[in-house]
Amino acid sequence: MNQGVNEMTQEMQEVTDVIPKEISALVDQGVQLRREGKVQEALVFYKQAAGMSGAPGAVFFNLGNALMDTGNLVDARKAFEEALQRDPTMEPAALQLARCAVRMNDPKQARELFAQILKGNPKHFTAWLEAGHLCRQLGIPEQALISYQRAVLAAPDRWEGLLSLARELEDAGRFEEAALHYHRALPLASEKPGGIRQVHRLMSRYRLERGDTSRALESLRQTLGMMRIEKPEPDVNERADVQIDLGEILMRLGLHAEAHRAFERASVATSEAVLSRLAAQSFQNNLWVEAQEVLKRNVELHPNSAPAYWNLAHSYAESWMMEEAMEALAKAEAIAPQPGAKSMRASVAGRLGDADTAMRLYKELSEEEGPRSAMRSSAAMSSLYSDAMTAEEVAQLHRELFAPLGEGARAASSFKNERDPKKRLKLGLVSGDFHHQHPVNIFMQPVLARLDKSQFEVTIYHTGVSHDDQTQLARKRVDHWVACANLSEVQIVRRIEADGIDILMDLAGHTSLQRVGMLAQRTAPVQATFLGYPGSTGVPNIDWMLADSVVVPQGAEALCTEQVMRLPNTVFCYAPEANYPFPTYTEEHAKRPLTFGSFNNVPKLTPHTLKLWAQVLKAVPDSRLLLKAPSFKDESAIKVFRERLEKEGVDPARLEFRGPVGLTDMMAEYADVDIALDPVPYNGGTTTLQAMWMGVPVVVKEGNNFVSRMGASFMRAAALPEWVAKDDAEYVQIAARMAKDRKALLKLKQGLRDRQLALPAWNVDTYTRDMEKALRSMWTKFCKSK
């Protein structure tokens with residue numbers, strides 16, 4: 001919920017009693033149309049009235065409200081400023097102007113405006129309340145607490161102030177005081193129909209935002225109880241909305257079957273807003289099929305809704321159903337313009353392997369939206385897939401995209417952390433990806449289990465919205481867990497400093513849920529990037545990047561904006577905690593038609609990669625190519641890549657496409673592959689290591705930057721340098737040579753996991769100690785700096 005705007009007290013505001021009669025007819029028409037939800041029509045009359053000579057401040061106030069309804073905050077702010085210019089005593093205009101500043105991310109002006117209102121009227125309940133919300137958003141809990149206390153003094157009969165105070169007191173760990181105010185709010189809310197259950201439900205949501213799941217469930221149980229006895233009885237949509245709350249809480253508690261039943265009960269909703277929320281929650285919890293069914297129903301119930309079609313299009317795109325996504329997007333655009341259409345088209349282009357088109361569209365969007373646009377990260381990520389860009393061009397693009405983020409950044413020397421090289425270090429990890437199947441989770445869980453707690457106090461700042469048993473496991477393995485999904489960037493920054501973090505390690509880079517903006521402004525004395533992004537981020541003030549001597553060899557430092565800290569064996573240690581039975585490779589495997597394979601997502605299947613693999617198939621007659629990716633549950637995606645390979649001279653009969661399955665089943669499917677082929681320029685990361693773990697060696701090409709040298713790192717760490725090519729021609733030669741000697745290949749496959757386990761790169765205990773040394777070295781260098 002938006003903590004910067006008063007979600008509990010803001011209501012439609014209009015002023016009509018101070019408007020001259022010659023203008024009032026126009027304003028009256030505007031007021032009536034706005035009440036009917038016809039805001040655009042209302043604006044016509046408001047603007048006409050505002051253009052008349054002698055229009056008072058009240059006219060501009062009403063105009064500003066209608067403009068806010070449409071999201072036109074720039075013009076709304078001008079209208080409120082004009083209202084105050086004409087009538088400096090118009091308190092409602094000052095309040096709306098403050099709200100406008102909050103929504104426009106101008107907290108300085110908002111605080112000044114709230115202060116002005118309160119100077120003139122120290123008992124203004126709403127101003128105190130919303131000033132408290134703003135202080136929460138800014139991460140100033142002491143000021144928020146004072147503001148809420150003043151709101152309660154100003155209006156002791158208003159439950160909203162008491163509940164906000166209870167929320168802030170709970171955040172401060174003052175639970176007994178919080179309970180007192182929470183329970184004082186309940187009888188006051190009883191005067192409003194359904195008010196008591198609303199109070200319990202809001203408290204449940206507040207507690208869930210804080211990550212206090214058990215208390216959230218306690219409040220929601222009170223909500224469910226009041227729904228049975230409080231009047232009026234809740235309608236089908238209110239009941240469904242509460243079931244979504246329940247499902248989210250149960251998911252976080254690891255009670256997945258119960259959560260699924262709650263989501264199923266919510267699916268009877270008819271409201272567009274409730275169905276959209278149910279789909280979003282389902283999608284966040286990897287219930288993709290269920291989410292799409294909900295969104296299809298939403299479209300059926302609301303066939304004239306552009307947002308309904310937009311949400312369905314987005315779901316299709318995220319599920320790699322590109323043809324359906326474009327069809328749904330077209331229907332949304334036929335109803336109303338869609339501001340996010342270009343972004344979706346960029347996403348679809350990238351997912352279909354057209355990295356250069358995706359990058360062009362994302363760059364256009366980033367220029368339109370400014371330096372802090374999230375589209376800059378999308379453009380950066382797209383460049384990693386480009387066949388056309390050199391390593392130097394990719395590095396330069398990253399620098400250009402993110403240099404503005406570092407302007408006015410805090411100095412590392414300004415932090416008050418004790419500079420003791422030997423002290424127990426406070427390590428912060430920023431990630432939203434601790435959930436099943438995500439690479440960050442796969443690689444970090446074994447490390448979290450082994451980090452020396454006498455040397456490191458670990459806090460995870462969890463920016464994610466997905467929660468499952470792996471999320472719960474990560475939470476148990478660290479000292480502290482801070483739920484950040486609903487916190488503003490400023491709040492997270494303040495929390496990290498309050499926690500005294502010495503080293504902040506970002507595990508997202510430019511992937512989804514990223515927070516690179518706050519790292520660019522510097523959030524901790526030492527900052528590092530690792531794992532989530534395969535290469536230099538280009539983000540100012542990230543001091544270090546963890547690498548190894550292959551992905552960033554000596555002399556390649558100029559490609560990195562960070563200093564390079566090299567781990568001695570390999571940058572990523574694959575030590576899965578799940579048991580994936582090793583296939584039994586028999587003599588029969590050496591007799592079957594040789595199968596090359598790739599389980600990489602389709603953006604990595606660039607034109608260069610497909611051309612290279614076509615040459616491999618030509619060099620190895622009668623061989624086959626198995627391609628597996630989430631996209632290949634979509635017939636249109638299969639058609640696209642079959643045709644692309646056919647144009648390269650590959651007989652479609654030699655191709656097999658497979659869609660997604662569960663991780664355990666996917667790992668078992670590697671038994672159907674004899675040799676894996678690594679894509680270029682964006683190598684396989686997790687997929688390459690998974691293939692090797694299941695006994696499948698990988699032909700790799702050693703490129704010119706981190707992302708194109710990962711495969712070489714893994715194969716060299718496995719003492720298999722003969723599988724590493726220096727160019728395309730050698731790549732084809734290696735594939736043909738390895739495919740020719742089936743007995744030697746079978747022997748290698750049979751012993752590949754044992755080979756890995758005997759090497760230091762697959763020893764997660766050694767790897768964790770190496771990482772600890774790297775982190776300690778970063779801190780020691782900081783301690784010696786000025």
# chains A, B, ... in the order shown; residues from 1 in each chain; ligands from 1
>>> residues_around(residues="A:Tyr316", least_positions_apart="5", cutoff="8 Å", atoms="only C-alpha atoms", output="list in words")
Gln292, Met321, Met322, Glu324 and Ala325 of chain A
>>> residues_around(residues="stretch 44-48 of chain A", least_positions_apart="2", cutoff="7 Å", atoms="only C-alpha atoms", output="MDAnalysis selection string")
chainID A and resid 26:27 29:30 40:42 50:52 59 63
>>> residues_around(residues="stretch 588-594 of chain A", least_positions_apart="3", cutoff="7 Å", atoms="only C-alpha atoms", output="MDAnalysis selection string")
chainID A and resid 585 622:624 674 742:743 746
>>> atom_distance(atom1="atom CA of A:Ile734", atom2="atom CA of A:Pro630")
28.4 Å
>>> closest_residue(among="A:Lys123, A:Glu323, A:Lys331, A:Gln137", to="A:Ser305", atoms="only C-alpha atoms")
A:Lys331
>>> select_by_dssp(residues="stretch 205-435 of chain A", states="strand (DSSP E)", output="PyMOL selection string")
chain A and resi 425-431
>>> closest_residue(among="A:Val661, A:Tyr206, A:Cys573, A:Ala578", to="A:Phe714", atoms="only C-alpha atoms")
A:Cys573
>>> select_by_dssp(residues="stretch 58-154 of chain A", states="alpha helix (DSSP H)", output="VMD selection string")
chain A and resid 58 to 69 73 to 86 91 to 103 107 to 120 125 to 137 141 to 154
>>> residues_around(residues="A:Val571", least_positions_apart="3", cutoff="9 Å", atoms="only C-alpha atoms", output="number ranges by chain")
A: 531, 546-551, 566-568, 710, 713-714, 761
>>> write_last_selection(atoms="N, CA and C atoms", output="CSV table (one decimal), in the first residue's frame")
chain,number,residue,atom,x,y,z
A,531,LEU,N,26.9,-12.6,-8.8
A,531,LEU,CA,26.0,-13.7,-9.2
A,531,LEU,C,24.8,-13.4,-10.0
A,546,LEU,N,32.9,-9.9,-7.9
A,546,LEU,CA,33.5,-11.2,-7.7
A,546,LEU,C,33.6,-11.9,-9.1
A,547,ALA,N,34.7,-12.4,-9.3
A,547,ALA,CA,35.0,-13.1,-10.6
A,547,ALA,C,36.0,-14.2,-10.4
A,548,ASP,N,36.5,-14.7,-11.5
A,548,ASP,CA,37.7,-15.6,-11.5
A,548,ASP,C,38.6,-15.2,-12.6
A,549,SER,N,39.7,-16.0,-12.7
A,549,SER,CA,40.8,-15.6,-13.6
A,549,SER,C,40.4,-15.9,-15.1
A,550,VAL,N,39.3,-16.6,-15.3
A,550,VAL,CA,38.9,-16.9,-16.7
A,550,VAL,C,37.8,-15.9,-17.1
A,551,VAL,N,36.8,-15.7,-16.3
A,551,VAL,CA,35.7,-14.7,-16.8
A,551,VAL,C,36.3,-13.3,-16.9
A,566,ARG,N,39.1,-11.8,-7.6
A,566,ARG,CA,39.0,-13.1,-8.2
A,566,ARG,C,39.0,-14.2,-7.2
A,567,LEU,N,38.1,-15.1,-7.3
A,567,LEU,CA,38.1,-16.3,-6.5
A,567,LEU,C,39.0,-17.3,-7.2
A,568,PRO,N,39.7,-18.1,-6.4
A,568,PRO,CA,40.8,-18.9,-7.0
A,568,PRO,C,40.4,-20.0,-7.9
A,710,MET,N,31.9,-17.6,-19.4
A,710,MET,CA,31.5,-18.4,-18.2
A,710,MET,C,31.7,-19.9,-18.6
A,713,SER,N,35.2,-20.9,-18.1
A,713,SER,CA,35.5,-21.0,-16.7
A,713,SER,C,35.1,-22.4,-16.1
A,714,PHE,N,33.9,-22.8,-16.5
A,714,PHE,CA,33.4,-24.1,-15.9
A,714,PHE,C,34.2,-25.3,-16.5
A,761,ALA,N,36.8,-26.7,-7.4
A,761,ALA,CA,35.8,-25.8,-7.9
A,761,ALA,C,34.4,-26.3,-7.5
>>> closest_residue(among="A:Glu392, A:Asp543, A:Asp499, A:Asp387", to="A:Lys611", atoms="only C-alpha atoms")
A:Asp387
>>> residues_around(residues="stretch 230-244 of chain A", least_positions_apart="5", cutoff="7 Å", atoms="only C-alpha atoms", output="list of chain:residue names")
A:Pro193, A:Gly194, A:Ala262, A:Phe263, A:Arg265, A:Ala266, A:Ala269, A:Thr270, A:Ser271, A:Val274, A:Leu278
>>> closest_atom_pairs(of="stretch 453-517 of chain A", to="stretch 769-774 of chain A", cutoff="12 Å", atoms="only C-alpha atoms", output="JSON lines")
{"residue": "A:Lys453", "atom": "CA", "partner": "A:Glu772", "partner_atom": "CA", "distance": 10.8}
{"residue": "A:Ser454", "atom": "CA", "partner": "A:Glu772", "partner_atom": "CA", "distance": 11.5}
{"residue": "A:Gln455", "atom": "CA", "partner": "A:Glu772", "partner_atom": "CA", "distance": 8.5}
{"residue": "A:Phe456", "atom": "CA", "partner": "A:Glu772", "partner_atom": "CA", "distance": 8.5}
{"residue": "A:Glu457", "atom": "CA", "partner": "A:Glu772", "partner_atom": "CA", "distance": 12.0}
{"residue": "A:Ile503", "atom": "CA", "partner": "A:Ala774", "partner_atom": "CA", "distance": 11.4}
{"residue": "A:Met505", "atom": "CA", "partner": "A:Met771", "partner_atom": "CA", "distance": 11.9}
>>> write_last_selection(atoms="all heavy atoms", output="PDB file, in the first residue's frame")
ATOM      1  N   LYS A 453      29.593 -17.899  11.031  1.00  0.00           N
ATOM      2  CA  LYS A 453      28.807 -16.904  11.767  1.00  0.00           C
ATOM      3  C   LYS A 453      29.633 -16.167  12.811  1.00  0.00           C
ATOM      4  O   LYS A 453      29.224 -15.103  13.286  1.00  0.00           O
ATOM      5  CB  LYS A 453      27.607 -17.584  12.427  1.00  0.00           C
ATOM      6  CG  LYS A 453      26.609 -18.150  11.412  1.00  0.00           C
ATOM      7  CD  LYS A 453      26.041 -17.057  10.513  1.00  0.00           C
ATOM      8  CE  LYS A 453      25.078 -17.594   9.464  1.00  0.00           C
ATOM      9  NZ  LYS A 453      23.860 -18.182  10.023  1.00  0.00           N
ATOM     10  N   SER A 454      30.787 -16.711  13.163  1.00  0.00           N
ATOM     11  CA  SER A 454      31.645 -15.969  14.091  1.00  0.00           C
ATOM     12  C   SER A 454      32.368 -14.828  13.383  1.00  0.00           C
ATOM     13  O   SER A 454      32.862 -13.907  14.038  1.00  0.00           O
ATOM     14  CB  SER A 454      32.672 -16.923  14.729  1.00  0.00           C
ATOM     15  OG  SER A 454      33.648 -17.329  13.765  1.00  0.00           O
ATOM     16  N   GLN A 455      32.421 -14.896  12.044  1.00  0.00           N
ATOM     17  CA  GLN A 455      33.097 -13.863  11.263  1.00  0.00           C
ATOM     18  C   GLN A 455      32.129 -12.942  10.525  1.00  0.00           C
ATOM     19  O   GLN A 455      32.482 -11.817  10.184  1.00  0.00           O
ATOM     20  CB  GLN A 455      34.034 -14.517  10.244  1.00  0.00           C
ATOM     21  CG  GLN A 455      35.206 -15.263  10.858  1.00  0.00           C
ATOM     22  CD  GLN A 455      36.127 -14.318  11.611  1.00  0.00           C
ATOM     23  OE1 GLN A 455      36.484 -13.254  11.111  1.00  0.00           O
ATOM     24  NE2 GLN A 455      36.503 -14.699  12.832  1.00  0.00           N
ATOM     25  N   PHE A 456      30.911 -13.430  10.292  1.00  0.00           N
ATOM     26  CA  PHE A 456      29.946 -12.665   9.508  1.00  0.00           C
ATOM     27  C   PHE A 456      28.569 -12.704  10.155  1.00  0.00           C
ATOM     28  O   PHE A 456      28.057 -13.774  10.493  1.00  0.00           O
ATOM     29  CB  PHE A 456      29.846 -13.224   8.076  1.00  0.00           C
ATOM     30  CG  PHE A 456      31.104 -13.081   7.283  1.00  0.00           C
ATOM     31  CD1 PHE A 456      32.073 -14.076   7.300  1.00  0.00           C
ATOM     32  CD2 PHE A 456      31.336 -11.939   6.521  1.00  0.00           C
ATOM     33  CE1 PHE A 456      33.246 -13.947   6.570  1.00  0.00           C
ATOM     34  CE2 PHE A 456      32.505 -11.800   5.794  1.00  0.00           C
ATOM     35  CZ  PHE A 456      33.464 -12.799   5.814  1.00  0.00           C
ATOM     36  N   GLU A 457      27.994 -11.533  10.314  1.00  0.00           N
ATOM     37  CA  GLU A 457      26.599 -11.383  10.724  1.00  0.00           C
ATOM     38  C   GLU A 457      25.828 -10.994   9.463  1.00  0.00           C
ATOM     39  O   GLU A 457      26.049  -9.927   8.892  1.00  0.00           O
ATOM     40  CB  GLU A 457      26.457 -10.303  11.792  1.00  0.00           C
ATOM     41  CG  GLU A 457      25.038 -10.067  12.261  1.00  0.00           C
ATOM     42  CD  GLU A 457      24.958  -8.947  13.287  1.00  0.00           C
ATOM     43  OE1 GLU A 457      26.011  -8.544  13.829  1.00  0.00           O
ATOM     44  OE2 GLU A 457      23.835  -8.452  13.535  1.00  0.00           O
ATOM     45  N   ILE A 503      29.601  -4.434   4.521  1.00  0.00           N
ATOM     46  CA  ILE A 503      29.696  -4.794   3.099  1.00  0.00           C
ATOM     47  C   ILE A 503      28.287  -5.111   2.605  1.00  0.00           C
ATOM     48  O   ILE A 503      27.601  -5.970   3.167  1.00  0.00           O
ATOM     49  CB  ILE A 503      30.608  -6.013   2.875  1.00  0.00           C
ATOM     50  CG1 ILE A 503      32.023  -5.750   3.407  1.00  0.00           C
ATOM     51  CG2 ILE A 503      30.665  -6.370   1.384  1.00  0.00           C
ATOM     52  CD1 ILE A 503      32.943  -6.955   3.302  1.00  0.00           C
ATOM     53  N   MET A 505      26.310  -6.560  -0.529  1.00  0.00           N
ATOM     54  CA  MET A 505      26.520  -7.313  -1.757  1.00  0.00           C
ATOM     55  C   MET A 505      25.196  -7.425  -2.505  1.00  0.00           C
ATOM     56  O   MET A 505      24.224  -7.994  -2.007  1.00  0.00           O
ATOM     57  CB  MET A 505      27.106  -8.690  -1.471  1.00  0.00           C
ATOM     58  CG  MET A 505      27.567  -9.411  -2.728  1.00  0.00           C
ATOM     59  SD  MET A 505      28.917 -10.579  -2.443  1.00  0.00           S
ATOM     60  CE  MET A 505      28.100 -11.844  -1.493  1.00  0.00           C
TER      61      MET A 505
END
>>> decode(residues="stretch 108-121 of chain A", atoms="all heavy atoms", output="CSV table (one decimal), in the first residue's frame")
chain,number,residue,atom,x,y,z
A,108,LYS,N,10.7,16.7,-0.2
A,108,LYS,CA,11.1,17.9,0.4
A,108,LYS,C,9.9,18.9,0.4
A,108,LYS,O,9.6,19.5,1.4
A,108,LYS,CB,12.3,18.5,-0.3
A,108,LYS,CG,12.8,19.8,0.4
A,108,LYS,CD,14.1,20.3,-0.3
A,108,LYS,CE,14.6,21.6,0.3
A,108,LYS,NZ,15.7,22.2,-0.4
A,109,GLN,N,9.4,19.1,-0.8
A,109,GLN,CA,8.2,20.0,-0.9
A,109,GLN,C,7.1,19.5,-0.1
A,109,GLN,O,6.4,20.3,0.5
A,109,GLN,CB,7.8,20.2,-2.4
A,109,GLN,CG,6.7,21.3,-2.5
A,109,GLN,CD,6.0,21.3,-3.9
A,109,GLN,OE1,5.8,20.3,-4.5
A,109,GLN,NE2,5.6,22.5,-4.3
A,110,ALA,N,6.8,18.2,-0.1
A,110,ALA,CA,5.7,17.7,0.6
A,110,ALA,C,5.8,18.0,2.1
A,110,ALA,O,4.8,18.4,2.7
A,110,ALA,CB,5.6,16.2,0.4
A,111,ARG,N,7.0,17.8,2.7
A,111,ARG,CA,7.2,18.1,4.1
A,111,ARG,C,7.0,19.5,4.4
A,111,ARG,O,6.4,19.9,5.4
A,111,ARG,CB,8.6,17.6,4.5
A,111,ARG,CG,8.8,16.1,4.5
A,111,ARG,CD,10.0,15.7,5.2
A,111,ARG,NE,9.9,15.7,6.6
A,111,ARG,CZ,11.0,15.5,7.4
A,111,ARG,NH1,12.2,15.2,6.9
A,111,ARG,NH2,10.8,15.6,8.7
A,112,GLU,N,7.5,20.4,3.5
A,112,GLU,CA,7.3,21.8,3.7
A,112,GLU,C,5.8,22.2,3.7
A,112,GLU,O,5.4,23.0,4.5
A,112,GLU,CB,8.1,22.6,2.6
A,112,GLU,CG,9.6,22.5,2.8
A,112,GLU,CD,10.3,23.1,1.6
A,112,GLU,OE1,9.6,23.5,0.6
A,112,GLU,OE2,11.6,23.2,1.6
A,113,LEU,N,5.1,21.6,2.7
A,113,LEU,CA,3.7,21.9,2.6
A,113,LEU,C,2.9,21.4,3.9
A,113,LEU,O,2.0,22.1,4.4
A,113,LEU,CB,3.1,21.3,1.4
A,113,LEU,CG,3.6,22.0,0.1
A,113,LEU,CD1,3.3,21.1,-1.1
A,113,LEU,CD2,2.9,23.4,-0.1
A,114,PHE,N,3.2,20.2,4.3
A,114,PHE,CA,2.5,19.7,5.5
A,114,PHE,C,2.8,20.6,6.7
A,114,PHE,O,2.0,20.9,7.5
A,114,PHE,CB,3.0,18.3,5.8
A,114,PHE,CG,2.3,17.2,5.0
A,114,PHE,CD1,3.1,16.3,4.3
A,114,PHE,CD2,0.9,17.2,4.8
A,114,PHE,CE1,2.5,15.3,3.6
A,114,PHE,CE2,0.3,16.2,4.0
A,114,PHE,CZ,1.1,15.3,3.4
A,115,ALA,N,4.1,21.1,6.8
A,115,ALA,CA,4.5,22.0,7.9
A,115,ALA,C,3.7,23.3,7.8
A,115,ALA,O,3.3,23.8,8.9
A,115,ALA,CB,6.0,22.2,7.8
A,116,GLN,N,3.6,23.8,6.6
A,116,GLN,CA,2.8,25.1,6.5
A,116,GLN,C,1.4,24.9,6.9
A,116,GLN,O,0.8,25.8,7.6
A,116,GLN,CB,2.8,25.6,5.0
A,116,GLN,CG,4.2,26.1,4.6
A,116,GLN,CD,4.2,26.4,3.1
A,116,GLN,OE1,3.2,26.5,2.4
A,116,GLN,NE2,5.5,26.5,2.6
A,117,ILE,N,0.7,23.8,6.5
A,117,ILE,CA,-0.6,23.5,6.9
A,117,ILE,C,-0.7,23.5,8.5
A,117,ILE,O,-1.6,24.0,9.1
A,117,ILE,CB,-1.2,22.2,6.3
A,117,ILE,CG1,-1.2,22.4,4.8
A,117,ILE,CG2,-2.5,21.9,6.9
A,117,ILE,CD1,-1.4,21.0,4.1
A,118,LEU,N,0.2,22.7,9.1
A,118,LEU,CA,0.1,22.5,10.5
A,118,LEU,C,0.5,23.8,11.3
A,118,LEU,O,0.1,23.9,12.4
A,118,LEU,CB,1.1,21.3,10.9
A,118,LEU,CG,0.5,20.0,10.3
A,118,LEU,CD1,1.6,18.9,10.4
A,118,LEU,CD2,-0.7,19.5,11.1
A,119,LYS,N,1.3,24.6,10.7
A,119,LYS,CA,1.6,25.9,11.3
A,119,LYS,C,0.3,26.7,11.5
A,119,LYS,O,0.1,27.4,12.5
A,119,LYS,CB,2.7,26.6,10.6
A,119,LYS,CG,3.1,27.9,11.2
A,119,LYS,CD,4.2,28.6,10.4
A,119,LYS,CE,4.7,29.9,11.1
A,119,LYS,NZ,5.7,30.6,10.3
A,120,GLY,N,-0.5,26.7,10.4
A,120,GLY,CA,-1.7,27.5,10.4
A,120,GLY,C,-2.8,26.8,11.2
A,120,GLY,O,-3.7,27.4,11.8
A,121,ASN,N,-2.8,25.4,11.2
A,121,ASN,CA,-3.8,24.7,11.9
A,121,ASN,C,-3.1,23.5,12.6
A,121,ASN,O,-3.1,22.4,12.1
A,121,ASN,CB,-4.9,24.2,10.9
A,121,ASN,CG,-6.0,23.4,11.6
A,121,ASN,OD1,-6.0,23.3,12.8
A,121,ASN,ND2,-6.9,23.0,10.8
